[in-house]
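Working notes for the structure below.
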Protein chains: 2
Amino acid sequence: METRIERIKKQLHSASYKLTPQREATVRVLLENEEDHLSAEDVYLLVKEKSPEIGLATVYRTLELLTELKIVDKINFGDGVSRYDLRQEGAAHFHHHLVCIECGAVDEIQEDLLEDVEAVVERRWNFKIKDHRLTFHGICYRCQAKVEEKTV
Amino acid sequence: METRIERIKKQLHSASYKLTPQREATVRVLLENEEDHLSAEDVYLLVKEKSPEIGLATVYRTLELLTELKIVDKINFGDGVSRYDLRQEGAAHFHHHLVCIECGAVDEIQEDLLEDVEAVVERRWNFKIKDHRLTFHGICYRCQAKVEEKTV
DNA sequence: ATAGTAATTGTTACTTAATATTAATTATAA
DNA sequence: TTATAATTAATATTAAGTAACAATTACTAT
């Protein structure tokens with residue numbers, strides 16, 4: 001955890017940004033809630049718990065900065081809110097998501113899975129892929145279990 | 001074109017909705033700009049050209065309705081605006097997109113390409129897939145050509 | 001250390017996409 | 001025709017995100 005923050009600090013420095021206390025507090029919230037898909041507002045409220053003096057605009061600016069440095073990815077699941085998701089360390093591409101249309105849960109897929117598809121797209125469409133967004137909408141394993149219970 | 005509107009009319013009717021003049025005007029704009037990825041505001045302005053009396057909320061409601069019936073898909077490319085994209089007739093799944101990070105162009109891929117990946121996801125994550133969103137970010141063939149010109 | 005410069009922040013105002021409200025209109029059914 | 005339901009236009013409202021700007025903090029060069 002600490003080492004992860006250290007590495008993020010270095011990433012910022014090599015792009016000539018500083019890891020200010022506000023930025024560190026924001027990064028810590030993201031690390032502590034890595035499983036979730038927090039909106040900027042969510043992050044703001046969580047950061048405020050430990051650093052009440054922080055301003056909303058600073059959180060937005062920090063998230064924008066982290067997005068720019070590919071430390072987090074900004075994603076949109078169709079509700080009107082952008083969400084921020086820490087990238088796995090060293091991951092070249094953004095991971096995928098499973099959005100349950102029953103319960104709204106969002107699960108992550110860290111495996112790439114798209115290598116073959118991307119090779120086809122690069123060749124057939126002559127498109128130089130830099131990143132991707134892949135989200136599946138459907139029924140998660142938990143909700144499938146619930147339906148079975150009812151029908152039994 | 002006319003037959004396509006007829007079929008959309010039937011889809012609406014079988015869900016007990018009417019194809020009002022306002023809804024028809026909106027659908028026509030979507031059909032006439034099938035290549036584009038219009039925002040609700042874009043659609044509103046285009047519909048207004050031919051039906052100046054239409055209200056913005058009606059356009060929003062119509063787009064929401066068409067989304068619900070899977071006639072169009074709502075998509076978000078990261079700018080703060082939702083865009084609406086006609087689904088290919090009979091297509092089970094939403095098509096994919098290529099977003100150019102140089103010029104902003106959005107191209108479409110109508111081929112599925114995800115069949116194998118979806119089979120893996122359904123099995124390994126026990127997730128019942130109903131739909132998907134796949135967008136690649138990168139450099140389109142046009143911008144690649146431009147860079148080559150410069151370096152020659 | 002000190003003055004000066006640049007980066008960063010907090011507050012507040014503002015913009016704008018999208019939704020909610022409501023009265024009026026249109027279509028449908030009895 | 002009268003009543004009922006669906007749909008609409010106009011307007012007000014909400015809320016995510018951005019912009020402006022003065023104040024603070026950090027760094028640089030003397």
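Just remember, in the structure tokens the first chain shown is A, the second B, etc., residues are 1-based per chain, and ligands are 1-based in the order shown.
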Requested in this report: Identify, on the basis of only C-alpha atoms (C1' of nucleotides), every residue whose closest approach to Cys140 (chain A) does not exceed 7 Å; exclude the query and any residue fewer than 4 positions from it along the same chain; express the result as an NGL selection string.
Outcome: (:A and (100 or 144)) or (:B and (127-128))
Requested in this report: Within 12 Å of chain C, which residues of chain B are there when counting only C-alpha atoms (C1' of nucleotides)? Please give them as a PyMOL selection string.
Outcome: chain B and resi 17-21+39-41+56-61+64+79-83
Query raised in the report: What does the distance from CA of Leu30 (chain A) to CA of Leu46 (chain A) come to in Å, to one decimal?
Result: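 Separation between CA of Leu30 (chain A) and CA of Leu46 (chain A): 9.4 Å.
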Query raised in the report: Rounded to one decimal in Å, what is the spacing between CA of Leu134 (chain A) and CA of Leu134 (chain B)?
Result: 4.5 Å
Query - Point-to-point distance in Å for CA of Gly78 (chain A) and CA of Leu66 (chain B) - result: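 Between CA of Leu66 (chain B) and CA of Gly78 (chain A) the gap works out to 15.4 Å.
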Query raised in the report: Counting only C-alpha atoms, which residues from chain A have an atom at most 10 Å from any atom of chain B, and could you show them as JSON, numbers by chain?
Result: {"A": [74, 75, 76, 77, 78, 79, 80, 81, 82, 96, 97, 98, 99, 100, 101, 107, 108, 109, 113, 114, 116, 117, 118, 120, 121, 122, 125, 126, 127, 128, 129, 130, 131, 132, 133, 134, 135, 136, 137, 138, 139, 140, 141, 142, 143, 144]}
Requested in this report: For chain A, work out the contacting residues on chain D at 9 Å, counting only C-alpha atoms (C1' of nucleotides), and write them as an NGL selection string.
Outcome: :D and (16-18)
**Report entry** From A:Lys50, A:Lys70, A:Arg124, A:Lys146, residue lying nearest Val29 (chain A) [only C-alpha atoms]
**Finding:**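 Once distances to Val29 (chain A) are computed over only C-alpha atoms, the minimum belongs to A:Lys50.
For region 13-115 of chain A, a DSSP pass over the backbone yields strand (DSSP E or B) at A:Leu38, A:Ser39, A:Val72, A:Asp73, A:Lys74, A:Ile75, A:Asn76, A:Ser82, A:Arg83, A:Tyr84, A:Asp85, A:Leu86, A:His96, A:His97, A:Leu98, A:Val99, A:Cys100, A:Val106, A:Asp107, A:Glu108, A:Ile109.
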Could those selected residues go to a file with N, CA, C and O atoms, as a PDB file, in the first residue's frame?
```
ATOM      1  N   LEU A  38     -16.194   4.507  -7.703  1.00  0.00           N
ATOM      2  CA  LEU A  38     -16.652   5.735  -7.055  1.00  0.00           C
ATOM      3  C   LEU A  38     -16.803   6.870  -8.053  1.00  0.00           C
ATOM      4  O   LEU A  38     -15.998   7.027  -8.962  1.00  0.00           O
ATOM      5  N   SER A  39     -17.830   7.663  -7.828  1.00  0.00           N
ATOM      6  CA  SER A  39     -17.964   8.918  -8.571  1.00  0.00           C
ATOM      7  C   SER A  39     -17.093   9.974  -7.890  1.00  0.00           C
ATOM      8  O   SER A  39     -16.621   9.777  -6.776  1.00  0.00           O
ATOM      9  N   VAL A  72      -5.631   6.180 -13.009  1.00  0.00           N
ATOM     10  CA  VAL A  72      -7.027   5.751 -12.927  1.00  0.00           C
ATOM     11  C   VAL A  72      -7.643   5.854 -14.325  1.00  0.00           C
ATOM     12  O   VAL A  72      -7.108   6.526 -15.204  1.00  0.00           O
ATOM     13  N   ASP A  73      -8.760   5.180 -14.492  1.00  0.00           N
ATOM     14  CA  ASP A  73      -9.537   5.313 -15.714  1.00  0.00           C
ATOM     15  C   ASP A  73     -10.903   5.859 -15.368  1.00  0.00           C
ATOM     16  O   ASP A  73     -11.512   5.498 -14.361  1.00  0.00           O
ATOM     17  N   LYS A  74     -11.334   6.760 -16.207  1.00  0.00           N
ATOM     18  CA  LYS A  74     -12.650   7.370 -16.058  1.00  0.00           C
ATOM     19  C   LYS A  74     -13.628   6.527 -16.863  1.00  0.00           C
ATOM     20  O   LYS A  74     -13.371   6.217 -18.018  1.00  0.00           O
ATOM     21  N   ILE A  75     -14.712   6.159 -16.226  1.00  0.00           N
ATOM     22  CA  ILE A  75     -15.652   5.296 -16.938  1.00  0.00           C
ATOM     23  C   ILE A  75     -17.073   5.719 -16.632  1.00  0.00           C
ATOM     24  O   ILE A  75     -17.351   6.336 -15.601  1.00  0.00           O
ATOM     25  N   ASN A  76     -17.950   5.379 -17.553  1.00  0.00           N
ATOM     26  CA  ASN A  76     -19.329   5.813 -17.460  1.00  0.00           C
ATOM     27  C   ASN A  76     -20.225   4.618 -17.718  1.00  0.00           C
ATOM     28  O   ASN A  76     -20.161   4.024 -18.782  1.00  0.00           O
ATOM     29  N   SER A  82     -19.666  10.134 -13.994  1.00  0.00           N
ATOM     30  CA  SER A  82     -18.391   9.507 -14.319  1.00  0.00           C
ATOM     31  C   SER A  82     -17.835   8.826 -13.080  1.00  0.00           C
ATOM     32  O   SER A  82     -17.916   9.375 -11.980  1.00  0.00           O
ATOM     33  N   ARG A  83     -17.275   7.668 -13.269  1.00  0.00           N
ATOM     34  CA  ARG A  83     -16.691   6.932 -12.164  1.00  0.00           C
ATOM     35  C   ARG A  83     -15.214   6.731 -12.420  1.00  0.00           C
ATOM     36  O   ARG A  83     -14.764   6.769 -13.563  1.00  0.00           O
ATOM     37  N   TYR A  84     -14.475   6.545 -11.333  1.00  0.00           N
ATOM     38  CA  TYR A  84     -13.021   6.474 -11.450  1.00  0.00           C
ATOM     39  C   TYR A  84     -12.536   5.158 -10.891  1.00  0.00           C
ATOM     40  O   TYR A  84     -12.897   4.760  -9.788  1.00  0.00           O
ATOM     41  N   ASP A  85     -11.677   4.506 -11.663  1.00  0.00           N
ATOM     42  CA  ASP A  85     -11.297   3.137 -11.380  1.00  0.00           C
ATOM     43  C   ASP A  85      -9.779   3.032 -11.481  1.00  0.00           C
ATOM     44  O   ASP A  85      -9.200   3.328 -12.512  1.00  0.00           O
ATOM     45  N   LEU A  86      -9.152   2.608 -10.371  1.00  0.00           N
ATOM     46  CA  LEU A  86      -7.700   2.441 -10.376  1.00  0.00           C
ATOM     47  C   LEU A  86      -7.293   1.376 -11.393  1.00  0.00           C
ATOM     48  O   LEU A  86      -7.882   0.310 -11.450  1.00  0.00           O
ATOM     49  N   HIS A  96     -12.004  -4.907 -17.810  1.00  0.00           N
ATOM     50  CA  HIS A  96     -13.399  -4.955 -18.273  1.00  0.00           C
ATOM     51  C   HIS A  96     -14.378  -4.992 -17.100  1.00  0.00           C
ATOM     52  O   HIS A  96     -13.984  -5.237 -15.967  1.00  0.00           O
ATOM     53  N   HIS A  97     -15.638  -4.782 -17.420  1.00  0.00           N
ATOM     54  CA  HIS A  97     -16.654  -4.746 -16.370  1.00  0.00           C
ATOM     55  C   HIS A  97     -17.878  -5.575 -16.709  1.00  0.00           C
ATOM     56  O   HIS A  97     -18.271  -5.682 -17.875  1.00  0.00           O
ATOM     57  N   LEU A  98     -18.459  -6.108 -15.647  1.00  0.00           N
ATOM     58  CA  LEU A  98     -19.728  -6.826 -15.750  1.00  0.00           C
ATOM     59  C   LEU A  98     -20.756  -6.049 -14.949  1.00  0.00           C
ATOM     60  O   LEU A  98     -20.665  -5.971 -13.721  1.00  0.00           O
ATOM     61  N   VAL A  99     -21.719  -5.459 -15.625  1.00  0.00           N
ATOM     62  CA  VAL A  99     -22.743  -4.676 -14.941  1.00  0.00           C
ATOM     63  C   VAL A  99     -24.027  -5.499 -14.889  1.00  0.00           C
ATOM     64  O   VAL A  99     -24.563  -5.888 -15.929  1.00  0.00           O
ATOM     65  N   CYS A 100     -24.507  -5.723 -13.675  1.00  0.00           N
ATOM     66  CA  CYS A 100     -25.734  -6.509 -13.526  1.00  0.00           C
ATOM     67  C   CYS A 100     -26.947  -5.600 -13.698  1.00  0.00           C
ATOM     68  O   CYS A 100     -27.088  -4.587 -13.014  1.00  0.00           O
ATOM     69  N   VAL A 106     -21.305  -4.060 -10.050  1.00  0.00           N
ATOM     70  CA  VAL A 106     -20.294  -3.969 -11.099  1.00  0.00           C
ATOM     71  C   VAL A 106     -19.100  -4.818 -10.699  1.00  0.00           C
ATOM     72  O   VAL A 106     -18.427  -4.512  -9.715  1.00  0.00           O
ATOM     73  N   ASP A 107     -18.858  -5.884 -11.433  1.00  0.00           N
ATOM     74  CA  ASP A 107     -17.704  -6.729 -11.167  1.00  0.00           C
ATOM     75  C   ASP A 107     -16.633  -6.460 -12.215  1.00  0.00           C
ATOM     76  O   ASP A 107     -16.928  -5.953 -13.287  1.00  0.00           O
ATOM     77  N   GLU A 108     -15.404  -6.820 -11.867  1.00  0.00           N
ATOM     78  CA  GLU A 108     -14.295  -6.533 -12.759  1.00  0.00           C
ATOM     79  C   GLU A 108     -13.697  -7.800 -13.344  1.00  0.00           C
ATOM     80  O   GLU A 108     -13.672  -8.838 -12.692  1.00  0.00           O
ATOM     81  N   ILE A 109     -13.219  -7.673 -14.557  1.00  0.00           N
ATOM     82  CA  ILE A 109     -12.450  -8.738 -15.191  1.00  0.00           C
ATOM     83  C   ILE A 109     -11.064  -8.177 -15.480  1.00  0.00           C
ATOM     84  O   ILE A 109     -10.938  -7.225 -16.257  1.00  0.00           O
TER      85      ILE A 109
END
```
Where does DSSP see alpha helix (DSSP H) in chain A, if you list the residues as a tab-separated table (two decimals) with N, CA, C and O atoms, in the first residue's frame?
```
chain	number	residue	atom	x	y	z
A	2	GLU	N	1.73	1.32	1.04
A	2	GLU	CA	2.65	2.47	1.09
A	2	GLU	C	3.54	2.51	-0.14
A	2	GLU	O	3.79	3.57	-0.71
A	3	THR	N	4.02	1.31	-0.50
A	3	THR	CA	4.91	1.26	-1.68
A	3	THR	C	4.14	1.68	-2.93
A	3	THR	O	4.69	2.31	-3.82
A	4	ARG	N	2.85	1.36	-2.94
A	4	ARG	CA	2.05	1.73	-4.12
A	4	ARG	C	1.93	3.24	-4.21
A	4	ARG	O	2.02	3.82	-5.29
A	5	ILE	N	1.73	3.87	-3.07
A	5	ILE	CA	1.67	5.33	-3.06
A	5	ILE	C	3.02	5.92	-3.47
A	5	ILE	O	3.07	6.89	-4.23
A	6	GLU	N	4.08	5.29	-3.00
A	6	GLU	CA	5.42	5.75	-3.40
A	6	GLU	C	5.57	5.74	-4.92
A	6	GLU	O	6.09	6.67	-5.52
A	7	ARG	N	5.08	4.66	-5.50
A	7	ARG	CA	5.23	4.55	-6.96
A	7	ARG	C	4.38	5.58	-7.70
A	7	ARG	O	4.79	6.14	-8.70
A	8	ILE	N	3.20	5.82	-7.14
A	8	ILE	CA	2.35	6.84	-7.76
A	8	ILE	C	3.00	8.21	-7.63
A	8	ILE	O	2.99	9.02	-8.55
A	9	LYS	N	3.61	8.42	-6.47
A	9	LYS	CA	4.36	9.67	-6.25
A	9	LYS	C	5.43	9.87	-7.32
A	9	LYS	O	5.56	10.95	-7.90
A	10	LYS	N	6.13	8.79	-7.61
A	10	LYS	CA	7.18	8.87	-8.64
A	10	LYS	C	6.57	9.17	-10.01
A	10	LYS	O	7.13	9.93	-10.79
A	11	GLN	N	5.43	8.53	-10.28
A	11	GLN	CA	4.78	8.78	-11.57
A	11	GLN	C	4.42	10.25	-11.71
A	11	GLN	O	4.59	10.85	-12.76
A	12	LEU	N	3.91	10.82	-10.61
A	12	LEU	CA	3.57	12.24	-10.63
A	12	LEU	C	4.83	13.07	-10.86
A	12	LEU	O	4.85	13.96	-11.71
A	13	HIS	N	5.89	12.75	-10.10
A	13	HIS	CA	7.11	13.54	-10.20
A	13	HIS	C	7.70	13.50	-11.60
A	13	HIS	O	8.13	14.52	-12.13
A	14	SER	N	7.67	12.32	-12.21
A	14	SER	CA	8.26	12.23	-13.55
A	14	SER	C	7.43	12.99	-14.57
A	14	SER	O	7.89	13.24	-15.68
A	21	PRO	N	-0.63	16.89	-0.04
A	21	PRO	CA	-1.46	16.17	0.93
A	21	PRO	C	-2.86	15.89	0.40
A	21	PRO	O	-3.40	14.81	0.62
A	22	GLN	N	-3.43	16.84	-0.31
A	22	GLN	CA	-4.77	16.63	-0.86
A	22	GLN	C	-4.77	15.51	-1.89
A	22	GLN	O	-5.68	14.67	-1.92
A	23	ARG	N	-3.76	15.52	-2.74
A	23	ARG	CA	-3.68	14.47	-3.76
A	23	ARG	C	-3.45	13.12	-3.11
A	23	ARG	O	-4.04	12.11	-3.52
A	24	GLU	N	-2.61	13.11	-2.08
A	24	GLU	CA	-2.35	11.83	-1.41
A	24	GLU	C	-3.62	11.31	-0.75
A	24	GLU	O	-3.93	10.12	-0.84
A	25	ALA	N	-4.35	12.21	-0.10
A	25	ALA	CA	-5.60	11.79	0.55
A	25	ALA	C	-6.57	11.21	-0.48
A	25	ALA	O	-7.24	10.20	-0.22
A	26	THR	N	-6.60	11.81	-1.65
A	26	THR	CA	-7.50	11.33	-2.70
A	26	THR	C	-7.05	9.95	-3.19
A	26	THR	O	-7.87	9.03	-3.33
A	27	VAL	N	-5.76	9.82	-3.41
A	27	VAL	CA	-5.24	8.52	-3.87
A	27	VAL	C	-5.51	7.44	-2.83
A	27	VAL	O	-5.89	6.32	-3.16
A	28	ARG	N	-5.35	7.80	-1.54
A	28	ARG	CA	-5.60	6.81	-0.49
A	28	ARG	C	-7.04	6.31	-0.51
A	28	ARG	O	-7.30	5.12	-0.35
A	29	VAL	N	-7.95	7.23	-0.72
A	29	VAL	CA	-9.36	6.82	-0.81
A	29	VAL	C	-9.57	5.86	-1.97
A	29	VAL	O	-10.26	4.85	-1.84
A	30	LEU	N	-8.94	6.15	-3.08
A	30	LEU	CA	-9.08	5.26	-4.23
A	30	LEU	C	-8.50	3.88	-3.94
A	30	LEU	O	-9.09	2.86	-4.27
A	31	LEU	N	-7.35	3.86	-3.26
A	31	LEU	CA	-6.72	2.58	-2.92
A	31	LEU	C	-7.57	1.80	-1.92
A	31	LEU	O	-7.72	0.59	-2.02
A	32	GLU	N	-8.14	2.51	-0.97
A	32	GLU	CA	-8.93	1.84	0.07
A	32	GLU	C	-10.28	1.36	-0.45
A	32	GLU	O	-10.97	0.59	0.22
A	40	ALA	N	-16.91	11.10	-8.57
A	40	ALA	CA	-16.12	12.18	-8.00
A	40	ALA	C	-16.74	12.63	-6.66
A	40	ALA	O	-16.03	12.89	-5.69
A	41	GLU	N	-18.03	12.69	-6.64
A	41	GLU	CA	-18.74	13.07	-5.41
A	41	GLU	C	-18.47	12.07	-4.28
A	41	GLU	O	-18.20	12.45	-3.15
A	42	ASP	N	-18.55	10.79	-4.62
A	42	ASP	CA	-18.23	9.73	-3.66
A	42	ASP	C	-16.84	9.94	-3.09
A	42	ASP	O	-16.64	9.90	-1.87
A	43	VAL	N	-15.88	10.14	-3.98
A	43	VAL	CA	-14.50	10.31	-3.55
A	43	VAL	C	-14.39	11.52	-2.64
A	43	VAL	O	-13.78	11.47	-1.57
A	44	TYR	N	-15.03	12.58	-3.05
A	44	TYR	CA	-15.00	13.83	-2.27
A	44	TYR	C	-15.49	13.59	-0.85
A	44	TYR	O	-14.85	13.99	0.12
A	45	LEU	N	-16.61	12.92	-0.72
A	45	LEU	CA	-17.18	12.68	0.62
A	45	LEU	C	-16.26	11.81	1.46
A	45	LEU	O	-16.08	12.07	2.66
A	46	LEU	N	-15.67	10.81	0.85
A	46	LEU	CA	-14.76	9.93	1.59
A	46	LEU	C	-13.48	10.66	1.99
A	46	LEU	O	-12.98	10.48	3.10
A	47	VAL	N	-12.96	11.47	1.09
A	47	VAL	CA	-11.74	12.22	1.43
A	47	VAL	C	-12.04	13.19	2.56
A	47	VAL	O	-11.24	13.37	3.48
A	48	LYS	N	-13.22	13.80	2.50
A	48	LYS	CA	-13.61	14.79	3.51
A	48	LYS	C	-13.61	14.21	4.92
A	48	LYS	O	-13.37	14.92	5.89
A	49	GLU	N	-13.93	12.92	5.03
A	49	GLU	CA	-13.95	12.31	6.36
A	49	GLU	C	-12.61	12.44	7.06
A	49	GLU	O	-12.55	12.65	8.26
A	50	LYS	N	-11.54	12.31	6.30
A	50	LYS	CA	-10.20	12.38	6.91
A	50	LYS	C	-9.53	13.74	6.70
A	50	LYS	O	-8.66	14.13	7.46
A	56	LEU	N	-14.04	20.50	-3.31
A	56	LEU	CA	-14.54	19.59	-4.34
A	56	LEU	C	-13.75	19.72	-5.63
A	56	LEU	O	-13.40	18.73	-6.28
A	57	ALA	N	-13.43	20.96	-5.99
A	57	ALA	CA	-12.71	21.19	-7.25
A	57	ALA	C	-11.34	20.52	-7.23
A	57	ALA	O	-10.88	20.02	-8.26
A	58	THR	N	-10.73	20.47	-6.06
A	58	THR	CA	-9.43	19.82	-5.96
A	58	THR	C	-9.55	18.33	-6.26
A	58	THR	O	-8.70	17.74	-6.93
A	59	VAL	N	-10.61	17.73	-5.74
A	59	VAL	CA	-10.84	16.31	-6.01
A	59	VAL	C	-11.03	16.10	-7.52
A	59	VAL	O	-10.42	15.21	-8.11
A	60	TYR	N	-11.85	16.94	-8.12
A	60	TYR	CA	-12.04	16.82	-9.57
A	60	TYR	C	-10.72	16.98	-10.30
A	60	TYR	O	-10.39	16.22	-11.21
A	61	ARG	N	-9.94	17.99	-9.88
A	61	ARG	CA	-8.66	18.22	-10.56
A	61	ARG	C	-7.72	17.03	-10.38
A	61	ARG	O	-7.01	16.64	-11.32
A	62	THR	N	-7.71	16.49	-9.17
A	62	THR	CA	-6.83	15.34	-8.92
A	62	THR	C	-7.23	14.14	-9.75
A	62	THR	O	-6.40	13.46	-10.36
A	63	LEU	N	-8.53	13.89	-9.82
A	63	LEU	CA	-9.00	12.74	-10.60
A	63	LEU	C	-8.68	12.92	-12.08
A	63	LEU	O	-8.31	11.97	-12.77
A	64	GLU	N	-8.79	14.15	-12.53
A	64	GLU	CA	-8.46	14.44	-13.93
A	64	GLU	C	-6.98	14.18	-14.19
A	64	GLU	O	-6.60	13.58	-15.19
A	65	LEU	N	-6.16	14.63	-13.23
A	65	LEU	CA	-4.72	14.44	-13.35
A	65	LEU	C	-4.35	12.96	-13.35
A	65	LEU	O	-3.57	12.49	-14.18
A	66	LEU	N	-4.95	12.21	-12.45
A	66	LEU	CA	-4.67	10.77	-12.37
A	66	LEU	C	-5.13	10.05	-13.63
A	66	LEU	O	-4.50	9.10	-14.08
A	67	THR	N	-6.21	10.55	-14.20
A	67	THR	CA	-6.70	9.96	-15.45
A	67	THR	C	-5.70	10.22	-16.58
A	67	THR	O	-5.37	9.33	-17.36
A	68	GLU	N	-5.23	11.44	-16.61
A	68	GLU	CA	-4.26	11.84	-17.63
A	68	GLU	C	-3.01	10.97	-17.56
A	68	GLU	O	-2.46	10.57	-18.58
A	115	GLU	N	-7.11	-9.79	-26.84
A	115	GLU	CA	-5.92	-9.79	-27.70
A	115	GLU	C	-6.26	-10.16	-29.15
A	115	GLU	O	-5.87	-9.47	-30.08
A	116	ASP	N	-6.99	-11.26	-29.31
A	116	ASP	CA	-7.32	-11.71	-30.67
A	116	ASP	C	-8.19	-10.69	-31.39
A	116	ASP	O	-7.96	-10.35	-32.55
A	117	VAL	N	-9.20	-10.20	-30.68
A	117	VAL	CA	-10.10	-9.23	-31.30
A	117	VAL	C	-9.33	-7.98	-31.72
A	117	VAL	O	-9.52	-7.46	-32.83
A	118	GLU	N	-8.43	-7.54	-30.86
A	118	GLU	CA	-7.69	-6.33	-31.20
A	118	GLU	C	-6.78	-6.54	-32.40
A	118	GLU	O	-6.62	-5.64	-33.23
A	119	ALA	N	-6.22	-7.72	-32.50
A	119	ALA	CA	-5.38	-8.01	-33.67
A	119	ALA	C	-6.21	-7.90	-34.94
A	119	ALA	O	-5.78	-7.30	-35.93
A	120	VAL	N	-7.42	-8.44	-34.90
A	120	VAL	CA	-8.31	-8.37	-36.06
A	120	VAL	C	-8.66	-6.93	-36.39
A	120	VAL	O	-8.60	-6.50	-37.55
A	121	VAL	N	-9.00	-6.16	-35.37
A	121	VAL	CA	-9.41	-4.78	-35.58
A	121	VAL	C	-8.26	-3.95	-36.16
A	121	VAL	O	-8.43	-3.18	-37.10
A	122	GLU	N	-7.06	-4.14	-35.61
A	122	GLU	CA	-5.91	-3.38	-36.11
A	122	GLU	C	-5.66	-3.69	-37.58
A	122	GLU	O	-5.35	-2.79	-38.36
A	123	ARG	N	-5.81	-4.94	-37.93
A	123	ARG	CA	-5.52	-5.35	-39.31
A	123	ARG	C	-6.66	-4.94	-40.25
A	123	ARG	O	-6.45	-4.20	-41.22
A	124	ARG	N	-7.87	-5.38	-39.91
A	124	ARG	CA	-8.99	-5.18	-40.84
A	124	ARG	C	-9.41	-3.73	-40.95
A	124	ARG	O	-9.82	-3.26	-42.01
A	141	TYR	N	-23.92	-13.64	-11.25
A	141	TYR	CA	-24.13	-14.97	-10.67
A	141	TYR	C	-25.01	-14.91	-9.43
A	141	TYR	O	-25.79	-15.82	-9.16
A	142	ARG	N	-24.93	-13.83	-8.68
A	142	ARG	CA	-25.75	-13.72	-7.46
A	142	ARG	C	-27.24	-13.66	-7.81
A	142	ARG	O	-28.07	-14.34	-7.21
A	143	CYS	N	-27.57	-12.82	-8.80
A	143	CYS	CA	-28.99	-12.67	-9.16
A	143	CYS	C	-29.51	-13.92	-9.85
A	143	CYS	O	-30.69	-14.26	-9.72
A	144	GLN	N	-28.67	-14.62	-10.60
A	144	GLN	CA	-29.09	-15.88	-11.19
A	144	GLN	C	-29.48	-16.86	-10.10
A	144	GLN	O	-30.48	-17.56	-10.20
A	145	ALA	N	-28.71	-16.90	-9.03
A	145	ALA	CA	-29.00	-17.79	-7.91
A	145	ALA	C	-30.34	-17.42	-7.28
A	145	ALA	O	-31.16	-18.28	-6.98
A	146	LYS	N	-30.57	-16.13	-7.14
A	146	LYS	CA	-31.84	-15.67	-6.54
A	146	LYS	C	-33.04	-16.15	-7.34
A	146	LYS	O	-34.01	-16.64	-6.78
A	147	VAL	N	-32.96	-16.03	-8.67
A	147	VAL	CA	-34.08	-16.45	-9.52
A	147	VAL	C	-34.33	-17.95	-9.35
A	147	VAL	O	-35.46	-18.39	-9.21
A	148	GLU	N	-33.24	-18.72	-9.30
A	148	GLU	CA	-33.39	-20.17	-9.13
A	148	GLU	C	-34.11	-20.51	-7.83
A	148	GLU	O	-35.01	-21.34	-7.81
A	149	GLU	N	-33.72	-19.83	-6.76
A	149	GLU	CA	-34.38	-20.04	-5.47
A	149	GLU	C	-35.89	-19.90	-5.60
A	149	GLU	O	-36.65	-20.74	-5.14
A	150	LYS	N	-36.30	-18.83	-6.26
A	150	LYS	CA	-37.74	-18.56	-6.39
A	150	LYS	C	-38.47	-19.65	-7.17
A	150	LYS	O	-39.56	-20.06	-6.84
A	151	THR	N	-37.84	-20.10	-8.26
A	151	THR	CA	-38.53	-21.05	-9.13
A	151	THR	C	-38.52	-22.47	-8.57
A	151	THR	O	-39.28	-23.31	-9.01
```
